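Undergrad: Okay, so here is protein.cif, and as you'll see once you scroll down, it has mmCIF, C-alpha atoms (C1' of nucleotides).
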data_entry
#
loop_
_atom_site.group_PDB
_atom_site.id
_atom_site.type_symbol
_atom_site.label_atom_id
_atom_site.label_comp_id
_atom_site.auth_asym_id
_atom_site.auth_seq_id
_atom_site.Cartn_x
_atom_site.Cartn_y
_atom_site.Cartn_z
ATOM 1 C CA MET A 1035 -36.190 39.690 -45.989
ATOM 2 C CA THR A 1036 -39.285 37.680 -46.774
ATOM 3 C CA PRO A 1037 -39.173 35.200 -49.640
ATOM 4 C CA PHE A 1038 -41.902 37.346 -51.221
ATOM 5 C CA GLU A 1039 -39.599 40.314 -51.498
ATOM 6 C CA ALA A 1040 -36.628 38.182 -52.443
ATOM 7 C CA VAL A 1041 -38.483 36.722 -55.388
ATOM 8 C CA ALA A 1042 -40.100 39.986 -56.459
ATOM 9 C CA GLU A 1043 -36.889 41.129 -58.136
ATOM 10 C CA PRO A 1044 -36.619 39.846 -61.733
ATOM 11 C CA ALA A 1045 -32.843 39.525 -61.494
ATOM 12 C CA ARG A 1046 -33.211 37.228 -58.514
ATOM 13 C CA ARG A 1047 -35.830 35.102 -60.202
ATOM 14 C CA ALA A 1048 -33.450 34.775 -63.127
ATOM 15 C CA LEU A 1049 -30.716 33.589 -60.768
ATOM 16 C CA LEU A 1050 -33.010 31.066 -59.149
ATOM 17 C CA ASP A 1051 -34.213 29.822 -62.502
ATOM 18 C CA ALA A 1052 -30.594 29.325 -63.520
ATOM 19 C CA LEU A 1053 -30.038 27.195 -60.439
ATOM 20 C CA VAL A 1054 -32.922 24.805 -60.960
ATOM 21 C CA ASP A 1055 -30.770 22.303 -62.821
ATOM 22 C CA GLY A 1056 -28.039 22.190 -60.221
ATOM 23 C CA PRO A 1057 -25.403 24.240 -58.367
ATOM 24 C CA LYS A 1058 -23.343 26.751 -60.333
ATOM 25 C CA PRO A 1059 -20.441 29.118 -59.654
ATOM 26 C CA VAL A 1060 -20.945 32.864 -59.794
ATOM 27 C CA GLY A 1061 -19.364 33.217 -63.225
ATOM 28 C CA ALA A 1062 -21.837 30.814 -64.756
ATOM 29 C CA LEU A 1063 -24.679 32.728 -63.136
ATOM 30 C CA CYS A 1064 -23.417 36.014 -64.554
ATOM 31 C CA ALA A 1065 -23.291 34.434 -67.981
ATOM 32 C CA ALA A 1066 -26.720 32.848 -67.641
ATOM 33 C CA THR A 1067 -28.437 36.026 -66.484
ATOM 34 C CA GLY A 1068 -26.443 38.778 -68.152
ATOM 35 C CA LEU A 1069 -26.008 40.546 -64.822
ATOM 36 C CA SER A 1070 -22.739 42.242 -64.005
ATOM 37 C CA GLN A 1071 -20.547 40.367 -61.581
ATOM 38 C CA PRO A 1072 -20.944 42.759 -58.625
ATOM 39 C CA ASN A 1073 -24.638 42.856 -59.190
ATOM 40 C CA THR A 1074 -24.802 39.087 -59.293
ATOM 41 C CA SER A 1075 -22.893 38.919 -56.020
ATOM 42 C CA ARG A 1076 -25.221 41.409 -54.410
ATOM 43 C CA HIS A 1077 -28.360 39.544 -55.410
ATOM 44 C CA LEU A 1078 -26.820 36.236 -54.447
ATOM 45 C CA ARG A 1079 -26.063 37.650 -51.046
ATOM 46 C CA ILE A 1080 -29.664 38.689 -50.595
ATOM 47 C CA LEU A 1081 -30.845 35.253 -51.642
ATOM 48 C CA ARG A 1082 -28.324 33.666 -49.297
ATOM 49 C CA GLU A 1083 -29.352 35.819 -46.347
ATOM 50 C CA THR A 1084 -32.962 34.970 -47.066
ATOM 51 C CA GLY A 1085 -32.025 31.300 -46.985
ATOM 52 C CA ILE A 1086 -33.118 30.567 -50.539
ATOM 53 C CA VAL A 1087 -29.659 29.614 -51.738
ATOM 54 C CA SER A 1088 -26.569 28.381 -49.973
ATOM 55 C CA CYS A 1089 -22.981 28.564 -51.089
ATOM 56 C CA THR A 1090 -19.964 26.352 -50.618
ATOM 57 C CA ALA A 1091 -16.387 27.224 -51.431
ATOM 58 C CA ASP A 1092 -14.815 25.253 -54.247
ATOM 59 C CA GLY A 1093 -11.247 26.457 -54.621
ATOM 60 C CA GLN A 1094 -11.310 29.944 -55.952
ATOM 61 C CA ARG A 1095 -14.977 29.758 -56.839
ATOM 62 C CA ARG A 1096 -18.140 29.510 -54.843
ATOM 63 C CA LEU A 1097 -20.838 27.108 -55.792
ATOM 64 C CA TYR A 1098 -24.327 28.406 -55.245
ATOM 65 C CA GLN A 1099 -27.115 25.973 -54.727
ATOM 66 C CA LEU A 1100 -30.872 26.194 -54.359
ATOM 67 C CA ARG A 1101 -32.322 25.671 -50.924
ATOM 68 C CA PRO A 1102 -35.961 25.679 -51.938
ATOM 69 C CA GLU A 1103 -37.535 25.068 -48.550
ATOM 70 C CA ARG A 1104 -38.137 28.750 -47.913
ATOM 71 C CA LEU A 1105 -40.148 28.967 -51.091
ATOM 72 C CA LEU A 1106 -42.633 26.756 -49.314
ATOM 73 C CA GLU A 1107 -43.823 29.918 -47.592
ATOM 74 C CA LEU A 1108 -44.960 31.258 -50.939
ATOM 75 C CA ASP A 1109 -46.692 28.038 -51.698
ATOM 76 C CA ARG A 1110 -48.434 28.021 -48.343
ATOM 77 C CA TRP A 1111 -49.561 31.605 -48.748
ATOM 78 C CA LEU A 1112 -51.080 30.745 -52.099
ATOM 79 C CA THR A 1113 -53.191 27.955 -50.678
ATOM 80 C CA PRO A 1114 -56.431 29.876 -50.009
ATOM 81 C CA TYR A 1115 -56.188 31.565 -53.416
ATOM 82 C CA ARG A 1116 -55.696 28.252 -55.114
ATOM 83 C CA ALA A 1117 -59.061 27.214 -53.746
ATOM 84 C CA LEU A 1118 -60.583 30.376 -55.218
ATOM 85 C CA TRP A 1119 -59.243 30.021 -58.705
ATOM 86 C CA ARG A 1120 -60.156 26.397 -58.752
ATOM 87 C CA SER A 1121 -63.721 27.392 -58.057
ATOM 88 C CA SER A 1122 -63.631 30.040 -60.777
ATOM 89 C CA LEU A 1123 -62.288 27.441 -63.175
ATOM 90 C CA ASP A 1124 -65.111 25.205 -62.112
ATOM 91 C CA SER A 1125 -67.684 27.880 -62.829
ATOM 92 C CA LEU A 1126 -66.030 28.531 -66.164
ATOM 93 C CA GLU A 1127 -66.356 24.859 -66.937
ATOM 94 C CA ARG A 1128 -69.972 24.881 -65.892
ATOM 95 C CA HIS A 1129 -70.516 27.868 -68.116
ATOM 96 C CA LEU A 1130 -68.922 26.123 -71.070
ATOM 97 C CA ASP A 1131 -70.847 22.969 -70.350
ATOM 98 C CA GLU A 1132 -74.088 24.883 -70.385
ATOM 99 C CA ARG A 1133 -73.269 26.371 -73.755
ATOM 100 C CA SER A 1134 -72.333 23.092 -75.396
ATOM 101 C CA MET B 938 -46.387 45.447 -62.340
ATOM 102 C CA THR B 939 -45.818 41.735 -61.999
ATOM 103 C CA PRO B 940 -47.869 39.787 -59.470
ATOM 104 C CA PHE B 941 -44.552 39.022 -57.783
ATOM 105 C CA GLU B 942 -43.955 42.663 -56.986
ATOM 106 C CA ALA B 943 -47.593 43.274 -56.165
ATOM 107 C CA VAL B 944 -47.582 40.562 -53.554
ATOM 108 C CA ALA B 945 -44.159 41.428 -52.154
ATOM 109 C CA GLU B 946 -45.605 44.307 -50.166
ATOM 110 C CA PRO B 947 -46.926 43.185 -46.754
ATOM 111 C CA ALA B 948 -49.717 45.758 -46.823
ATOM 112 C CA ARG B 949 -50.974 44.353 -50.094
ATOM 113 C CA ARG B 950 -50.840 40.790 -48.854
ATOM 114 C CA ALA B 951 -52.865 41.922 -45.862
ATOM 115 C CA LEU B 952 -55.443 43.426 -48.194
ATOM 116 C CA LEU B 953 -55.643 40.275 -50.264
ATOM 117 C CA ASP B 954 -55.917 38.123 -47.171
ATOM 118 C CA ALA B 955 -58.804 40.283 -46.028
ATOM 119 C CA LEU B 956 -60.556 39.660 -49.327
ATOM 120 C CA VAL B 957 -60.362 35.875 -49.274
ATOM 121 C CA ASP B 958 -63.752 35.523 -47.647
ATOM 122 C CA GLY B 959 -65.550 37.769 -50.077
ATOM 123 C CA PRO B 960 -65.735 41.310 -51.508
ATOM 124 C CA LYS B 961 -65.444 44.264 -49.144
ATOM 125 C CA PRO B 962 -65.652 48.056 -49.349
ATOM 126 C CA VAL B 963 -62.586 50.201 -48.736
ATOM 127 C CA GLY B 964 -63.614 51.144 -45.222
ATOM 128 C CA ALA B 965 -63.771 47.527 -44.141
ATOM 129 C CA LEU B 966 -60.343 46.944 -45.648
ATOM 130 C CA CYS B 967 -58.889 49.891 -43.736
ATOM 131 C CA ALA B 968 -60.317 48.478 -40.542
ATOM 132 C CA ALA B 969 -59.128 44.958 -41.263
ATOM 133 C CA THR B 970 -55.575 45.974 -42.098
ATOM 134 C CA GLY B 971 -55.021 49.065 -39.974
ATOM 135 C CA LEU B 972 -53.832 50.982 -43.026
ATOM 136 C CA SER B 973 -54.749 54.623 -43.422
ATOM 137 C CA GLN B 974 -57.484 55.340 -45.921
ATOM 138 C CA PRO B 975 -55.285 57.013 -48.569
ATOM 139 C CA ASN B 976 -52.757 54.253 -48.204
ATOM 140 C CA THR B 977 -55.414 51.623 -48.606
ATOM 141 C CA SER B 978 -56.667 53.338 -51.737
ATOM 142 C CA ARG B 979 -53.166 53.520 -53.142
ATOM 143 C CA HIS B 980 -52.440 49.839 -52.588
ATOM 144 C CA LEU B 981 -55.836 48.865 -53.903
ATOM 145 C CA ARG B 982 -55.129 50.818 -57.027
ATOM 146 C CA ILE B 983 -51.871 48.958 -57.542
ATOM 147 C CA LEU B 984 -53.617 45.643 -57.027
ATOM 148 C CA ARG B 985 -56.349 46.714 -59.418
ATOM 149 C CA GLU B 986 -53.907 47.805 -62.099
ATOM 150 C CA THR B 987 -52.112 44.505 -61.717
ATOM 151 C CA GLY B 988 -55.412 42.728 -62.208
ATOM 152 C CA ILE B 989 -55.406 40.978 -58.854
ATOM 153 C CA VAL B 990 -58.532 42.692 -57.609
ATOM 154 C CA SER B 991 -61.436 44.343 -59.339
ATOM 155 C CA CYS B 992 -63.813 46.939 -58.031
ATOM 156 C CA THR B 993 -67.461 47.672 -58.619
ATOM 157 C CA ALA B 994 -69.338 50.762 -57.528
ATOM 158 C CA ASP B 995 -71.998 50.233 -54.911
ATOM 159 C CA GLY B 996 -73.587 53.583 -54.202
ATOM 160 C CA GLN B 997 -71.049 55.726 -52.475
ATOM 161 C CA ARG B 998 -68.763 52.830 -51.789
ATOM 162 C CA ARG B 999 -66.664 50.603 -53.953
ATOM 163 C CA LEU B 1000 -66.619 46.911 -53.454
ATOM 164 C CA TYR B 1001 -63.259 45.316 -54.004
ATOM 165 C CA GLN B 1002 -63.089 41.710 -54.983
ATOM 166 C CA LEU B 1003 -60.352 39.181 -55.536
ATOM 167 C CA ARG B 1004 -59.546 38.215 -59.088
ATOM 168 C CA PRO B 1005 -57.123 35.431 -58.281
ATOM 169 C CA GLU B 1006 -56.283 34.307 -61.795
ATOM 170 C CA ARG B 1007 -53.159 36.434 -61.986
ATOM 171 C CA LEU B 1008 -51.826 34.699 -58.921
ATOM 172 C CA LEU B 1009 -51.657 31.631 -61.106
ATOM 173 C CA GLU B 1010 -48.438 33.103 -62.463
ATOM 174 C CA LEU B 1011 -46.868 32.737 -59.036
ATOM 175 C CA ASP B 1012 -48.091 29.208 -58.812
ATOM 176 C CA ARG B 1013 -46.741 28.359 -62.225
ATOM 177 C CA TRP B 1014 -43.371 29.890 -61.428
ATOM 178 C CA LEU B 1015 -43.151 27.766 -58.312
ATOM 179 C CA THR B 1016 -43.651 24.530 -60.206
ATOM 180 C CA PRO B 1017 -40.005 23.548 -60.801
ATOM 181 C CA TYR B 1018 -39.145 24.395 -57.205
ATOM 182 C CA ARG B 1019 -42.000 22.315 -55.935
ATOM 183 C CA ALA B 1020 -40.394 19.354 -57.641
ATOM 184 C CA LEU B 1021 -37.152 20.126 -55.845
ATOM 185 C CA TRP B 1022 -38.536 20.382 -52.378
ATOM 186 C CA ARG B 1023 -40.624 17.323 -52.913
ATOM 187 C CA SER B 1024 -37.457 15.424 -53.701
ATOM 188 C CA SER B 1025 -35.770 16.771 -50.588
ATOM 189 C CA LEU B 1026 -38.797 15.725 -48.560
ATOM 190 C CA ASP B 1027 -38.535 12.326 -50.190
ATOM 191 C CA SER B 1028 -34.914 11.969 -49.218
ATOM 192 C CA LEU B 1029 -35.797 13.050 -45.690
ATOM 193 C CA GLU B 1030 -38.432 10.353 -45.631
ATOM 194 C CA ARG B 1031 -35.990 7.794 -46.922
ATOM 195 C CA HIS B 1032 -33.573 8.874 -44.233
ATOM 196 C CA LEU B 1033 -36.200 8.504 -41.528
ATOM 197 C CA ASP B 1034 -37.289 5.178 -42.952
ATOM 198 C CA GLU B 1035 -33.763 3.892 -42.809
ATOM 199 C CA ARG B 1036 -33.477 4.901 -39.173
ATOM 200 C CA SER B 1037 -36.725 3.278 -38.092
ATOM 201 C "C1'" DA C 1367 -79.142 73.187 -51.061
ATOM 202 C "C1'" DG C 1368 -75.977 72.059 -47.209
ATOM 203 C "C1'" DC C 1369 -73.787 68.557 -44.403
ATOM 204 C "C1'" DT C 1370 -71.759 64.071 -43.905
ATOM 205 C "C1'" DT C 1371 -69.737 59.837 -45.415
ATOM 206 C "C1'" DA C 1372 -66.862 57.112 -48.641
ATOM 207 C "C1'" DT C 1373 -63.203 57.043 -51.653
ATOM 208 C "C1'" DA C 1374 -59.670 58.879 -54.754
ATOM 209 C "C1'" DT C 1375 -55.844 61.846 -55.898
ATOM 210 C "C1'" DA C 1376 -51.881 65.110 -55.400
ATOM 211 C "C1'" DA C 1377 -47.792 67.004 -53.199
ATOM 212 C "C1'" DG C 1378 -43.996 66.457 -50.376
ATOM 213 C "C1'" DC C 1379 -40.871 63.919 -47.659
ATOM 214 C "C1'" DT C 1380 -38.109 60.073 -46.395
ATOM 215 C "C1'" DT C 1381 -36.392 55.631 -46.960
ATOM 216 C "C1'" DC C 1382 -35.114 51.839 -49.773
ATOM 217 C "C1'" DT C 1383 -33.236 49.567 -53.715
ATOM 218 C "C1'" DG C 1384 -30.688 48.583 -57.641
ATOM 219 C "C1'" DA C 1385 -26.718 49.622 -60.851
ATOM 220 C "C1'" DT C 1386 -21.961 51.140 -61.613
ATOM 221 C "C1'" DT C 1387 -17.176 51.963 -60.554
ATOM 222 C "C1'" DA C 1388 -13.315 50.950 -58.078
ATOM 223 C "C1'" DG C 1389 -10.777 48.410 -55.016
ATOM 224 C "C1'" DA C 1390 -9.895 44.364 -51.758
ATOM 225 C "C1'" DT C 1391 -9.203 39.369 -50.897
ATOM 226 C "C1'" DA C 1392 -8.176 34.862 -51.998
ATOM 227 C "C1'" DT C 1393 -6.895 31.077 -55.061
ATOM 228 C "C1'" DC C 1394 -4.571 29.206 -58.883
ATOM 229 C "C1'" DT C 1395 -0.645 28.774 -62.234
ATOM 230 C "C1'" DG C 1396 3.834 29.204 -64.066
ATOM 231 C "C1'" DC D 1250 6.926 34.974 -55.924
ATOM 232 C "C1'" DA D 1251 4.367 37.335 -59.934
ATOM 233 C "C1'" DG D 1252 0.490 37.489 -62.538
ATOM 234 C "C1'" DA D 1253 -4.061 36.056 -63.625
ATOM 235 C "C1'" DT D 1254 -8.709 34.618 -62.259
ATOM 236 C "C1'" DA D 1255 -12.878 34.438 -59.288
ATOM 237 C "C1'" DT D 1256 -15.492 36.641 -56.093
ATOM 238 C "C1'" DC D 1257 -16.746 40.017 -52.544
ATOM 239 C "C1'" DT D 1258 -17.262 44.656 -50.591
ATOM 240 C "C1'" DA D 1259 -17.596 49.728 -50.302
ATOM 241 C "C1'" DA D 1260 -18.912 54.152 -52.086
ATOM 242 C "C1'" DT D 1261 -21.885 56.655 -54.751
ATOM 243 C "C1'" DC D 1262 -25.917 57.882 -57.259
ATOM 244 C "C1'" DA D 1263 -30.378 57.812 -59.434
ATOM 245 C "C1'" DG D 1264 -34.826 56.371 -59.370
ATOM 246 C "C1'" DA D 1265 -38.645 54.010 -57.124
ATOM 247 C "C1'" DA D 1266 -41.760 53.232 -53.392
ATOM 248 C "C1'" DG D 1267 -44.225 54.008 -49.245
ATOM 249 C "C1'" DC D 1268 -46.453 57.121 -45.772
ATOM 250 C "C1'" DT D 1269 -48.672 61.391 -44.342
ATOM 251 C "C1'" DT D 1270 -51.284 65.543 -44.882
ATOM 252 C "C1'" DA D 1271 -54.328 67.986 -47.449
ATOM 253 C "C1'" DT D 1272 -57.705 68.320 -50.953
ATOM 254 C "C1'" DA D 1273 -61.097 66.830 -54.498
ATOM 255 C "C1'" DT D 1274 -65.136 64.215 -56.034
ATOM 256 C "C1'" DA D 1275 -69.237 61.905 -55.561
ATOM 257 C "C1'" DA D 1276 -73.109 59.819 -53.254
ATOM 258 C "C1'" DG D 1277 -76.386 59.902 -49.394
ATOM 259 C "C1'" DC D 1278 -79.139 62.334 -45.965
ATOM 260 C "C1'" DT D 1279 -81.983 66.050 -43.780
#
Could you render the structure from this file as structure tokens?

TA:
Amino acid sequence: MTPFEAVAEPARRALLDALVDGPKPVGALCAATGLSQPNTSRHLRILRETGIVSCTADGQRRLYQLRPERLLELDRWLTPYRALWRSSLDSLERHLDERS
Amino acid sequence: MTPFEAVAEPARRALLDALVDGPKPVGALCAATGLSQPNTSRHLRILRETGIVSCTADGQRRLYQLRPERLLELDRWLTPYRALWRSSLDSLERHLDERS
DNA sequence: AGCTTATATAAGCTTCTGATTAGATATCTG
DNA sequence: CAGATATCTAATCAGAAGCTTATATAAGCT
């Protein structure tokens, strides 16, 4: 799965957002997102197979951790569009400047 | 539809990529992407309803144009992750520095 | 007006995706 | 070992999404 598709699902974005401040076990992710446990596991698996998170066993729990490198693909894809909206911001600024 | 979902579809990314260098009519977008005409129209409609492209009539054709502002949402969402992968790049650099 | 080109829409089909329920596996604790 | 806890997997189902074919609309041309 592409990172684009992985991140398109709101539940998965919620999981990722919950992982920004460090690794967490599945239970904590259920609590943070309100997803059912099986559903959490399913989405975590998708994220894991996409390479966006990794997981390490910790006794009876599994700690999930962000592996943000793959999100670089999103960032790279955005690059040409960034240039565009910068230029539209610029023209907005020019417009405002002209009016002031 | 969120920009995340809009951009998750490869066909729609292809359409957007084809629009980076300026507005184009539907026919040109079909040719550029290899999508069938009805399919192109369908995806363009989704992009239009999401606010990522706009369209203006030009005689019998319709010129589609990027409206990249909504993609800013993607960029903003990426922000915290950017910080993370920067720090992992930093630690990679430190690692390489130590070895040199 | 009649024909052609450009685009949009509708119907139908198939495939995919997400949620739930139930059950399996493994670890911990007493 | 028995029971409890944490997590994963499988089965099932409903709804969404994409593609194709066929048709409609509208603008241009002769």

Undergrad: Expand the PyMOL selection byres ((chain C and resi 1376) around 12) into the individual residues it matches in the shown file, reporting them as a list of chain:residue names.

TA: B:Pro975, B:Arg979, C:DA1374, C:DT1375, C:DA1377, C:DG1378, D:DT1270, D:DA1271, D:DT1272, D:DA1273

Undergrad: With the PyMOL selection byres ((chain B) within 8 of (chain D)) as the selection, what would be picked from this file? Answer as a ChimeraX atom specification, please.

TA: /B:976,996-997

Undergrad: I need the residues from that last selection saved to file as a PDB file, in the coordinates of the input (with C-alpha atoms), if you can.

TA:
ATOM      1  CA  ASN B 976     -52.757  54.253 -48.204  1.00  0.00           C
ATOM      2  CA  GLY B 996     -73.587  53.583 -54.202  1.00  0.00           C
ATOM      3  CA  GLN B 997     -71.049  55.726 -52.475  1.00  0.00           C
TER       4      GLN B 997
END

Undergrad: Kindly resolve the PyMOL selection byres ((chain A) within 7 of (chain B)) on the present coordinates and return the residues as a PyMOL selection string.

TA: chain A and resi 1038-1039+1041-1042+1102-1103+1115+1118-1119

Undergrad: I'd like a table as a tab-separated table: residues in region 983-1005 of chain B with an atom no more than 6 Å from region 959-968 of chain B, each row giving the shortest atom pair and its distance in Å to one decimal, all atoms listed in the file counted, sorted by chain and rising residue number.

TA:
residue	atom	partner	partner_atom	distance
B:Arg999	CA	B:Pro962	CA	5.4
B:Leu1000	CA	B:Pro962	CA	4.4
B:Tyr1001	CA	B:Pro960	CA	5.3
B:Gln1002	CA	B:Pro960	CA	4.4

Undergrad: Per residue of chain C within 8 Å of chain A, what are the shortest atom pair and its distance in Å to one decimal, counting all atoms listed in the file, with rows by chain and residue number, as JSON lines?

TA:
{"residue": "C:DA1385", "atom": "C1'", "partner": "A:Asn1073", "partner_atom": "CA", "distance": 7.3}
{"residue": "C:DA1392", "atom": "C1'", "partner": "A:Gln1094", "partner_atom": "CA", "distance": 7.0}
{"residue": "C:DT1393", "atom": "C1'", "partner": "A:Gln1094", "partner_atom": "CA", "distance": 4.6}
{"residue": "C:DC1394", "atom": "C1'", "partner": "A:Gln1094", "partner_atom": "CA", "distance": 7.4}

Undergrad: Could you tell me how far CA of Arg1046 (chain A) sits from CA of Ile1080 (chain A), in Å to one decimal place?

TA: 8.8 Å

Undergrad: What is the distance between CA of Gln1071 (chain A) and CA of Met1035 (chain A), in Å to one decimal?

TA: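 CA of Gln1071 (chain A) sits 22.1 Å away from CA of Met1035 (chain A).
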
Undergrad: Using the atoms already present, construct N, CA and C atoms for region 997-1024 of chain B and hand them back as a compact mmCIF listing (two decimals), in the frame of the given file.

TA:
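That gives us result10.txt:
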# COMPACT_ATOMS: atom_id res chain seq x y z
N GLN B 997 -72.21 54.89 -52.74
CA GLN B 997 -71.05 55.73 -52.48
C GLN B 997 -69.80 54.92 -52.15
N ARG B 998 -69.97 53.62 -52.03
CA ARG B 998 -68.76 52.83 -51.79
C ARG B 998 -68.35 52.04 -53.01
N ARG B 999 -67.17 51.47 -52.88
CA ARG B 999 -66.66 50.60 -53.95
C ARG B 999 -66.32 49.26 -53.35
N LEU B 1000 -66.88 48.26 -53.93
CA LEU B 1000 -66.62 46.91 -53.45
C LEU B 1000 -65.41 46.34 -54.19
N TYR B 1001 -64.44 45.95 -53.41
CA TYR B 1001 -63.26 45.32 -54.00
C TYR B 1001 -63.38 43.81 -53.86
N GLN B 1002 -62.88 43.15 -54.89
CA GLN B 1002 -63.09 41.71 -54.98
C GLN B 1002 -61.83 41.07 -55.53
N LEU B 1003 -61.50 39.91 -55.03
CA LEU B 1003 -60.35 39.18 -55.54
C LEU B 1003 -60.60 38.72 -56.95
N ARG B 1004 -59.53 38.75 -57.73
CA ARG B 1004 -59.55 38.22 -59.09
C ARG B 1004 -58.28 37.37 -59.18
N PRO B 1005 -58.35 36.15 -58.60
CA PRO B 1005 -57.12 35.43 -58.28
C PRO B 1005 -56.38 34.83 -59.46
N GLU B 1006 -56.93 34.96 -60.65
CA GLU B 1006 -56.28 34.31 -61.80
C GLU B 1006 -54.82 34.71 -61.95
N ARG B 1007 -54.54 36.00 -61.75
CA ARG B 1007 -53.16 36.43 -61.99
C ARG B 1007 -52.19 35.80 -61.00
N LEU B 1008 -52.71 35.36 -59.88
CA LEU B 1008 -51.83 34.70 -58.92
C LEU B 1008 -51.38 33.34 -59.45
N LEU B 1009 -52.09 32.87 -60.46
CA LEU B 1009 -51.66 31.63 -61.11
C LEU B 1009 -50.23 31.74 -61.61
N GLU B 1010 -49.81 32.95 -61.98
CA GLU B 1010 -48.44 33.10 -62.46
C GLU B 1010 -47.44 32.73 -61.38
N LEU B 1011 -47.74 33.12 -60.14
CA LEU B 1011 -46.87 32.74 -59.04
C LEU B 1011 -46.83 31.23 -58.92
N ASP B 1012 -48.01 30.65 -58.97
CA ASP B 1012 -48.09 29.21 -58.81
C ASP B 1012 -47.31 28.50 -59.90
N ARG B 1013 -47.44 29.00 -61.11
CA ARG B 1013 -46.74 28.36 -62.22
C ARG B 1013 -45.23 28.50 -62.06
N TRP B 1014 -44.81 29.69 -61.61
CA TRP B 1014 -43.37 29.89 -61.43
C TRP B 1014 -42.82 28.93 -60.38
N LEU B 1015 -43.62 28.63 -59.40
CA LEU B 1015 -43.15 27.77 -58.31
C LEU B 1015 -42.97 26.31 -58.74
N THR B 1016 -43.61 25.94 -59.83
CA THR B 1016 -43.65 24.53 -60.21
C THR B 1016 -42.31 23.81 -60.15
N PRO B 1017 -41.27 24.30 -60.83
CA PRO B 1017 -40.01 23.55 -60.80
C PRO B 1017 -39.42 23.43 -59.40
N TYR B 1018 -39.68 24.42 -58.56
CA TYR B 1018 -39.15 24.40 -57.20
C TYR B 1018 -39.91 23.41 -56.34
N ARG B 1019 -41.19 23.31 -56.63
CA ARG B 1019 -42.00 22.32 -55.94
C ARG B 1019 -41.40 20.94 -56.14
N ALA B 1020 -41.01 20.65 -57.36
CA ALA B 1020 -40.39 19.35 -57.64
C ALA B 1020 -39.16 19.17 -56.77
N LEU B 1021 -38.38 20.23 -56.64
CA LEU B 1021 -37.15 20.13 -55.84
C LEU B 1021 -37.43 19.84 -54.39
N TRP B 1022 -38.36 20.60 -53.81
CA TRP B 1022 -38.54 20.38 -52.38
C TRP B 1022 -39.29 19.11 -52.10
N ARG B 1023 -40.04 18.65 -53.07
CA ARG B 1023 -40.62 17.32 -52.91
C ARG B 1023 -39.51 16.28 -52.84
N SER B 1024 -38.52 16.42 -53.72
CA SER B 1024 -37.46 15.42 -53.70
C SER B 1024 -36.65 15.52 -52.41
